[in-house]
Amino acid sequence: MKIFEKIADTKAYLQQHNNNGKTIGFVPTMGALHEGHLELMRRAKNENDILAVSVFVNPIQFNNPEDLKKYPRDLQKDIDKLEQVGCDVLFSPEVEEMYPGSVTKQYDFGSVETVMEGAFRKGHFNGVAVVVEKLFNIIQPDRAYFGEKDFQQLAIIKRLVEMKNIPVRIIPCPIVREKDGLAMSSRNSRLNEQERSIAPFIYQTLVKSKEKSKNMTPDEIRFMVENMFADQKEFRLEYFEVADDVQLHPVYDWSESKGVMGFIAVHLGNIRLIDNIRFI
Ligand code: PAF
């Protein structure tokens with residue numbers, strides 16, 4: 001595996017492969033790699049000639065400085081995992097390399113960035129879009145792979161690619177879960193033992209909401225989920241929303257959209273976790 005820290009070196013190396021007609025599959029990450037990331041990488045490796053991965057904890061997408069400070073980082077551990085999945089190129093820049101000056105770029109993604117994660121994490125999606133556009137520019141991938149756990153991020157990135165006419169295919173990949181149902185996330189490693197043992201309640205609630213969706217209205221489902229969390233003192237529900245799968249707008253009647261999903265964000269101790277489930 002080739003490891004690069006500099007943009008120019010990464011571009012020059014990958015350009016040779018591009019010129020030779022090789023396809024590049026790209027998985028952008030912030031490190032702390034887990035099985036969810038590795039699944040994206042296996043698929044990218046399988047569907048392309050070259051697997052490129054970035055590990056960069058992007059400071060401008062953190063709305064909470066404490067979260068940025070505590071974000072798990074262990075590059076050597078990540079490198080070992082990348083070797084195992086057969087990664088060909090790792091791009092792992094310093095912050096100064098990615099952002100030599102202040103970042104002023106502002107995107108307008110419309111209402112998809114103002115709901116749910118966008119409403120609770122001001123500036124988050126702008127920061128994601130800035131780094132993803134830069135990474136696409138550096139790596140020039142044919143396909144880029146993103147997990148559906150961050151479903152709203154995926155919607156933003158699809159919009160970014162459309163708006164900027166970036167020649168890359170965005171490949172959404174299903175959520176990878178622990179055996180007990182907890183969606184895999186780098187943040188899970190920051191849960192203490194007790195928090196980790198109760199964390200599957202989030203997915204259990206989503207599963208129950210899906211079961212009940214056959215006989216209940218979206219509002220009844222919202223009410224049920226809010227009540228389920230009201231009884232759980234260790235959790236603080238930030239939002240639970242029933243929304244369509246394109247605009248991510250709230251849905252009040254199942255017939256409003258062909259694709260309807262449940263989205264949740266919960267604080268467990270100091271850790272914020274998100275998850276989602278498809279109803280229709
Ligand atoms: O999903 C993530 O890990 C990050 O938001 C991403 C896409 C790597 C951008 O920093």
# chains A, B, ... in the order shown; residues from 1 in each chain; ligands from 1
>>> residues_near_ligand(ligand="ligand 1", cutoff="6 Å", atoms="only C-alpha atoms and all ligand atoms", output="number ranges by chain")
A: 28-30, 58, 128, 132
>>> select_by_dssp(residues="stretch 63-234 of chain A", states="strand (DSSP E or B)", output="PDB file with N, CA and C atoms, in the first residue's frame")
ATOM      1  N   VAL A  89      -3.992   2.608  -2.037  1.00  0.00           N
ATOM      2  CA  VAL A  89      -3.489   3.963  -1.778  1.00  0.00           C
ATOM      3  C   VAL A  89      -4.184   4.548  -0.555  1.00  0.00           C
ATOM      4  N   LEU A  90      -3.382   5.003   0.397  1.00  0.00           N
ATOM      5  CA  LEU A  90      -3.941   5.729   1.541  1.00  0.00           C
ATOM      6  C   LEU A  90      -3.502   7.180   1.451  1.00  0.00           C
ATOM      7  N   PHE A  91      -4.485   8.080   1.521  1.00  0.00           N
ATOM      8  CA  PHE A  91      -4.187   9.513   1.574  1.00  0.00           C
ATOM      9  C   PHE A  91      -4.524   9.984   2.983  1.00  0.00           C
ATOM     10  N   ARG A 143     -15.761   5.634  -8.662  1.00  0.00           N
ATOM     11  CA  ARG A 143     -16.877   5.343  -7.748  1.00  0.00           C
ATOM     12  C   ARG A 143     -16.454   5.711  -6.326  1.00  0.00           C
ATOM     13  N   ALA A 144     -17.411   6.240  -5.540  1.00  0.00           N
ATOM     14  CA  ALA A 144     -17.117   6.542  -4.129  1.00  0.00           C
ATOM     15  C   ALA A 144     -18.202   5.899  -3.281  1.00  0.00           C
ATOM     16  N   TYR A 145     -17.788   5.308  -2.178  1.00  0.00           N
ATOM     17  CA  TYR A 145     -18.664   4.448  -1.367  1.00  0.00           C
ATOM     18  C   TYR A 145     -18.957   5.109  -0.023  1.00  0.00           C
ATOM     19  N   PHE A 146     -20.260   5.178   0.311  1.00  0.00           N
ATOM     20  CA  PHE A 146     -20.681   5.804   1.570  1.00  0.00           C
ATOM     21  C   PHE A 146     -21.711   4.914   2.263  1.00  0.00           C
ATOM     22  N   GLY A 147     -21.619   4.853   3.588  1.00  0.00           N
ATOM     23  CA  GLY A 147     -22.555   4.036   4.359  1.00  0.00           C
ATOM     24  C   GLY A 147     -23.882   4.758   4.552  1.00  0.00           C
ATOM     25  N   ARG A 169     -19.433   8.122  -9.524  1.00  0.00           N
ATOM     26  CA  ARG A 169     -20.694   7.447  -9.152  1.00  0.00           C
ATOM     27  C   ARG A 169     -20.712   7.241  -7.653  1.00  0.00           C
ATOM     28  N   ILE A 170     -21.773   7.708  -7.010  1.00  0.00           N
ATOM     29  CA  ILE A 170     -21.894   7.546  -5.558  1.00  0.00           C
ATOM     30  C   ILE A 170     -22.595   6.220  -5.285  1.00  0.00           C
ATOM     31  N   ILE A 171     -21.945   5.371  -4.488  1.00  0.00           N
ATOM     32  CA  ILE A 171     -22.506   4.037  -4.218  1.00  0.00           C
ATOM     33  C   ILE A 171     -22.907   3.967  -2.738  1.00  0.00           C
ATOM     34  N   PRO A 172     -24.220   3.972  -2.478  1.00  0.00           N
ATOM     35  CA  PRO A 172     -24.687   3.836  -1.089  1.00  0.00           C
ATOM     36  C   PRO A 172     -24.561   2.387  -0.636  1.00  0.00           C
ATOM     37  N   CYS A 173     -24.124   2.174   0.594  1.00  0.00           N
ATOM     38  CA  CYS A 173     -23.953   0.803   1.105  1.00  0.00           C
ATOM     39  C   CYS A 173     -24.719   0.643   2.413  1.00  0.00           C
ATOM     40  N   ARG A 177     -24.121  -3.680  11.212  1.00  0.00           N
ATOM     41  CA  ARG A 177     -24.488  -3.657  12.635  1.00  0.00           C
ATOM     42  C   ARG A 177     -23.676  -4.661  13.437  1.00  0.00           C
ATOM     43  N   ALA A 183     -25.699   0.022  15.344  1.00  0.00           N
ATOM     44  CA  ALA A 183     -25.047   0.402  14.074  1.00  0.00           C
ATOM     45  C   ALA A 183     -23.578   0.702  14.341  1.00  0.00           C
TER      46      ALA A 183
END
>>> residues_around(residues="A:Lys2", least_positions_apart="2", cutoff="12 Å", atoms="only C-alpha atoms", output="list in words")
Phe4, Glu5, Asp9, Thr10, Tyr13, Leu14, Ile50, Leu51, Ala52, Val53, Ser54, Ile79, Leu82, Glu83, Gly86, Cys87, Asp88, Val89, Leu90, Phe91 and Ser92 of chain A
>>> residues_around(residues="A:Pro93", least_positions_apart="4", cutoff="10 Å", atoms="only C-alpha atoms", output="list in words")
Ile3, Phe4, Glu5, Lys6, Ile7, Ser54, Val55, Phe56, Val57, Glu97 and Met98 of chain A
>>> write_last_selection(atoms="all heavy atoms", output="PDB file, in the first residue's frame")
ATOM      1  N   ILE A   3       1.374   5.121   0.829  1.00  0.00           N
ATOM      2  CA  ILE A   3       0.801   6.082   1.786  1.00  0.00           C
ATOM      3  C   ILE A   3       1.289   7.481   1.424  1.00  0.00           C
ATOM      4  O   ILE A   3       2.491   7.703   1.297  1.00  0.00           O
ATOM      5  CB  ILE A   3       1.211   5.726   3.235  1.00  0.00           C
ATOM      6  CG1 ILE A   3       0.775   4.302   3.563  1.00  0.00           C
ATOM      7  CG2 ILE A   3       0.615   6.733   4.222  1.00  0.00           C
ATOM      8  CD1 ILE A   3       1.142   3.818   4.949  1.00  0.00           C
ATOM      9  N   PHE A   4       0.323   8.395   1.245  1.00  0.00           N
ATOM     10  CA  PHE A   4       0.688   9.773   0.889  1.00  0.00           C
ATOM     11  C   PHE A   4       0.113  10.747   1.911  1.00  0.00           C
ATOM     12  O   PHE A   4      -1.004  10.562   2.402  1.00  0.00           O
ATOM     13  CB  PHE A   4       0.103  10.142  -0.483  1.00  0.00           C
ATOM     14  CG  PHE A   4       0.647   9.321  -1.612  1.00  0.00           C
ATOM     15  CD1 PHE A   4      -0.128   8.320  -2.186  1.00  0.00           C
ATOM     16  CD2 PHE A   4       1.929   9.548  -2.107  1.00  0.00           C
ATOM     17  CE1 PHE A   4       0.366   7.559  -3.238  1.00  0.00           C
ATOM     18  CE2 PHE A   4       2.425   8.786  -3.156  1.00  0.00           C
ATOM     19  CZ  PHE A   4       1.650   7.786  -3.727  1.00  0.00           C
ATOM     20  N   GLU A   5       0.890  11.801   2.156  1.00  0.00           N
ATOM     21  CA  GLU A   5       0.382  12.887   3.006  1.00  0.00           C
ATOM     22  C   GLU A   5       0.157  14.154   2.189  1.00  0.00           C
ATOM     23  O   GLU A   5      -0.529  15.064   2.626  1.00  0.00           O
ATOM     24  CB  GLU A   5       1.393  13.193   4.120  1.00  0.00           C
ATOM     25  CG  GLU A   5       1.440  12.105   5.161  1.00  0.00           C
ATOM     26  CD  GLU A   5       2.346  12.451   6.320  1.00  0.00           C
ATOM     27  OE1 GLU A   5       2.950  13.538   6.314  1.00  0.00           O
ATOM     28  OE2 GLU A   5       2.430  11.611   7.231  1.00  0.00           O
ATOM     29  N   LYS A   6       0.785  14.189   1.024  1.00  0.00           N
ATOM     30  CA  LYS A   6       0.728  15.419   0.227  1.00  0.00           C
ATOM     31  C   LYS A   6      -0.246  15.260  -0.947  1.00  0.00           C
ATOM     32  O   LYS A   6      -0.269  14.203  -1.617  1.00  0.00           O
ATOM     33  CB  LYS A   6       2.125  15.765  -0.340  1.00  0.00           C
ATOM     34  CG  LYS A   6       3.149  16.031   0.736  1.00  0.00           C
ATOM     35  CD  LYS A   6       2.878  17.342   1.475  1.00  0.00           C
ATOM     36  CE  LYS A   6       3.826  17.539   2.617  1.00  0.00           C
ATOM     37  NZ  LYS A   6       3.258  18.272   3.747  1.00  0.00           N
ATOM     38  N   ILE A   7      -0.978  16.330  -1.203  1.00  0.00           N
ATOM     39  CA  ILE A   7      -1.977  16.321  -2.277  1.00  0.00           C
ATOM     40  C   ILE A   7      -1.302  16.071  -3.638  1.00  0.00           C
ATOM     41  O   ILE A   7      -1.751  15.215  -4.410  1.00  0.00           O
ATOM     42  CB  ILE A   7      -2.740  17.674  -2.305  1.00  0.00           C
ATOM     43  CG1 ILE A   7      -3.576  17.811  -1.024  1.00  0.00           C
ATOM     44  CG2 ILE A   7      -3.608  17.796  -3.549  1.00  0.00           C
ATOM     45  CD1 ILE A   7      -4.261  19.145  -0.841  1.00  0.00           C
ATOM     46  N   SER A  54      -9.107   7.576   2.175  1.00  0.00           N
ATOM     47  CA  SER A  54      -8.526   8.729   2.874  1.00  0.00           C
ATOM     48  C   SER A  54      -8.843   8.592   4.358  1.00  0.00           C
ATOM     49  O   SER A  54      -9.920   8.114   4.737  1.00  0.00           O
ATOM     50  CB  SER A  54      -9.067  10.053   2.334  1.00  0.00           C
ATOM     51  OG  SER A  54     -10.452  10.116   2.512  1.00  0.00           O
ATOM     52  N   VAL A  55      -7.866   8.972   5.173  1.00  0.00           N
ATOM     53  CA  VAL A  55      -8.078   9.068   6.627  1.00  0.00           C
ATOM     54  C   VAL A  55      -7.763  10.509   6.984  1.00  0.00           C
ATOM     55  O   VAL A  55      -6.611  10.949   6.901  1.00  0.00           O
ATOM     56  CB  VAL A  55      -7.154   8.099   7.404  1.00  0.00           C
ATOM     57  CG1 VAL A  55      -7.240   8.391   8.899  1.00  0.00           C
ATOM     58  CG2 VAL A  55      -7.537   6.649   7.129  1.00  0.00           C
ATOM     59  N   PHE A  56      -8.806  11.255   7.317  1.00  0.00           N
ATOM     60  CA  PHE A  56      -8.613  12.673   7.658  1.00  0.00           C
ATOM     61  C   PHE A  56      -9.743  13.103   8.592  1.00  0.00           C
ATOM     62  O   PHE A  56     -10.920  13.078   8.195  1.00  0.00           O
ATOM     63  CB  PHE A  56      -8.624  13.525   6.375  1.00  0.00           C
ATOM     64  CG  PHE A  56      -8.503  14.998   6.646  1.00  0.00           C
ATOM     65  CD1 PHE A  56      -7.354  15.527   7.239  1.00  0.00           C
ATOM     66  CD2 PHE A  56      -9.535  15.878   6.308  1.00  0.00           C
ATOM     67  CE1 PHE A  56      -7.237  16.897   7.504  1.00  0.00           C
ATOM     68  CE2 PHE A  56      -9.422  17.244   6.551  1.00  0.00           C
ATOM     69  CZ  PHE A  56      -8.267  17.747   7.150  1.00  0.00           C
ATOM     70  N   VAL A  57      -9.369  13.448   9.819  1.00  0.00           N
ATOM     71  CA  VAL A  57     -10.383  13.942  10.762  1.00  0.00           C
ATOM     72  C   VAL A  57     -10.596  15.417  10.412  1.00  0.00           C
ATOM     73  O   VAL A  57      -9.740  16.261  10.673  1.00  0.00           O
ATOM     74  CB  VAL A  57      -9.937  13.749  12.229  1.00  0.00           C
ATOM     75  CG1 VAL A  57     -11.026  14.242  13.170  1.00  0.00           C
ATOM     76  CG2 VAL A  57      -9.630  12.278  12.501  1.00  0.00           C
ATOM     77  N   GLU A  97      -2.311  20.822   5.206  1.00  0.00           N
ATOM     78  CA  GLU A  97      -2.235  20.438   3.795  1.00  0.00           C
ATOM     79  C   GLU A  97      -3.616  20.625   3.129  1.00  0.00           C
ATOM     80  O   GLU A  97      -3.708  21.094   2.002  1.00  0.00           O
ATOM     81  CB  GLU A  97      -1.768  18.976   3.681  1.00  0.00           C
ATOM     82  CG  GLU A  97      -1.690  18.415   2.290  1.00  0.00           C
ATOM     83  CD  GLU A  97      -0.527  18.983   1.453  1.00  0.00           C
ATOM     84  OE1 GLU A  97       0.257  19.797   1.974  1.00  0.00           O
ATOM     85  OE2 GLU A  97      -0.443  18.611   0.263  1.00  0.00           O
ATOM     86  N   MET A  98      -4.651  20.261   3.854  1.00  0.00           N
ATOM     87  CA  MET A  98      -6.001  20.366   3.289  1.00  0.00           C
ATOM     88  C   MET A  98      -6.514  21.802   3.345  1.00  0.00           C
ATOM     89  O   MET A  98      -7.208  22.253   2.446  1.00  0.00           O
ATOM     90  CB  MET A  98      -6.964  19.449   4.058  1.00  0.00           C
ATOM     91  CG  MET A  98      -6.739  17.978   3.804  1.00  0.00           C
ATOM     92  SD  MET A  98      -7.042  17.524   2.079  1.00  0.00           S
ATOM     93  CE  MET A  98      -8.788  17.213   2.108  1.00  0.00           C
TER      94      MET A  98
END
>>> closest_residue(among="A:Gln204, A:Ser186, A:Ser257, A:Asn192", to="A:Asp74", atoms="only C-alpha atoms")
A:Ser186
>>> atom_distance(atom1="atom CA of A:Lys212", atom2="atom CA of A:Glu256")
17.9 Å
>>> residues_around(residues="A:Asp244", least_positions_apart="4", cutoff="7 Å", atoms="only C-alpha atoms", output="number ranges by chain")
A: 248-251, 257, 259-261
>>> select_by_dssp(residues="stretch 39-105 of chain A", states="helix (DSSP H, G or I)", output="MDAnalysis selection string")
chainID A and resid 39:47 59:61 65:70 75:84 95:98
>>> residues_around(residues="A:Lys105", least_positions_apart="5", cutoff="10 Å", atoms="only C-alpha atoms", output="list in words")
Asn126, Gly127, Ala129 and Val130 of chain A
>>> residues_around(residues="A:Glu178", least_positions_apart="4", cutoff="10 Å", atoms="only C-alpha atoms", output="list in words")
Glu35, Gly36, Leu182, Ala183, Met184, Ser185 and Pro200 of chain A
>>> closest_residue(among="A:Asn20, A:Val85, A:Met228, A:Ile60", to="A:Ala44", atoms="only C-alpha atoms")
A:Val85
>>> atom_distance(atom1="atom CA of A:Asp253", atom2="atom CA of A:Glu241")
12.9 Å
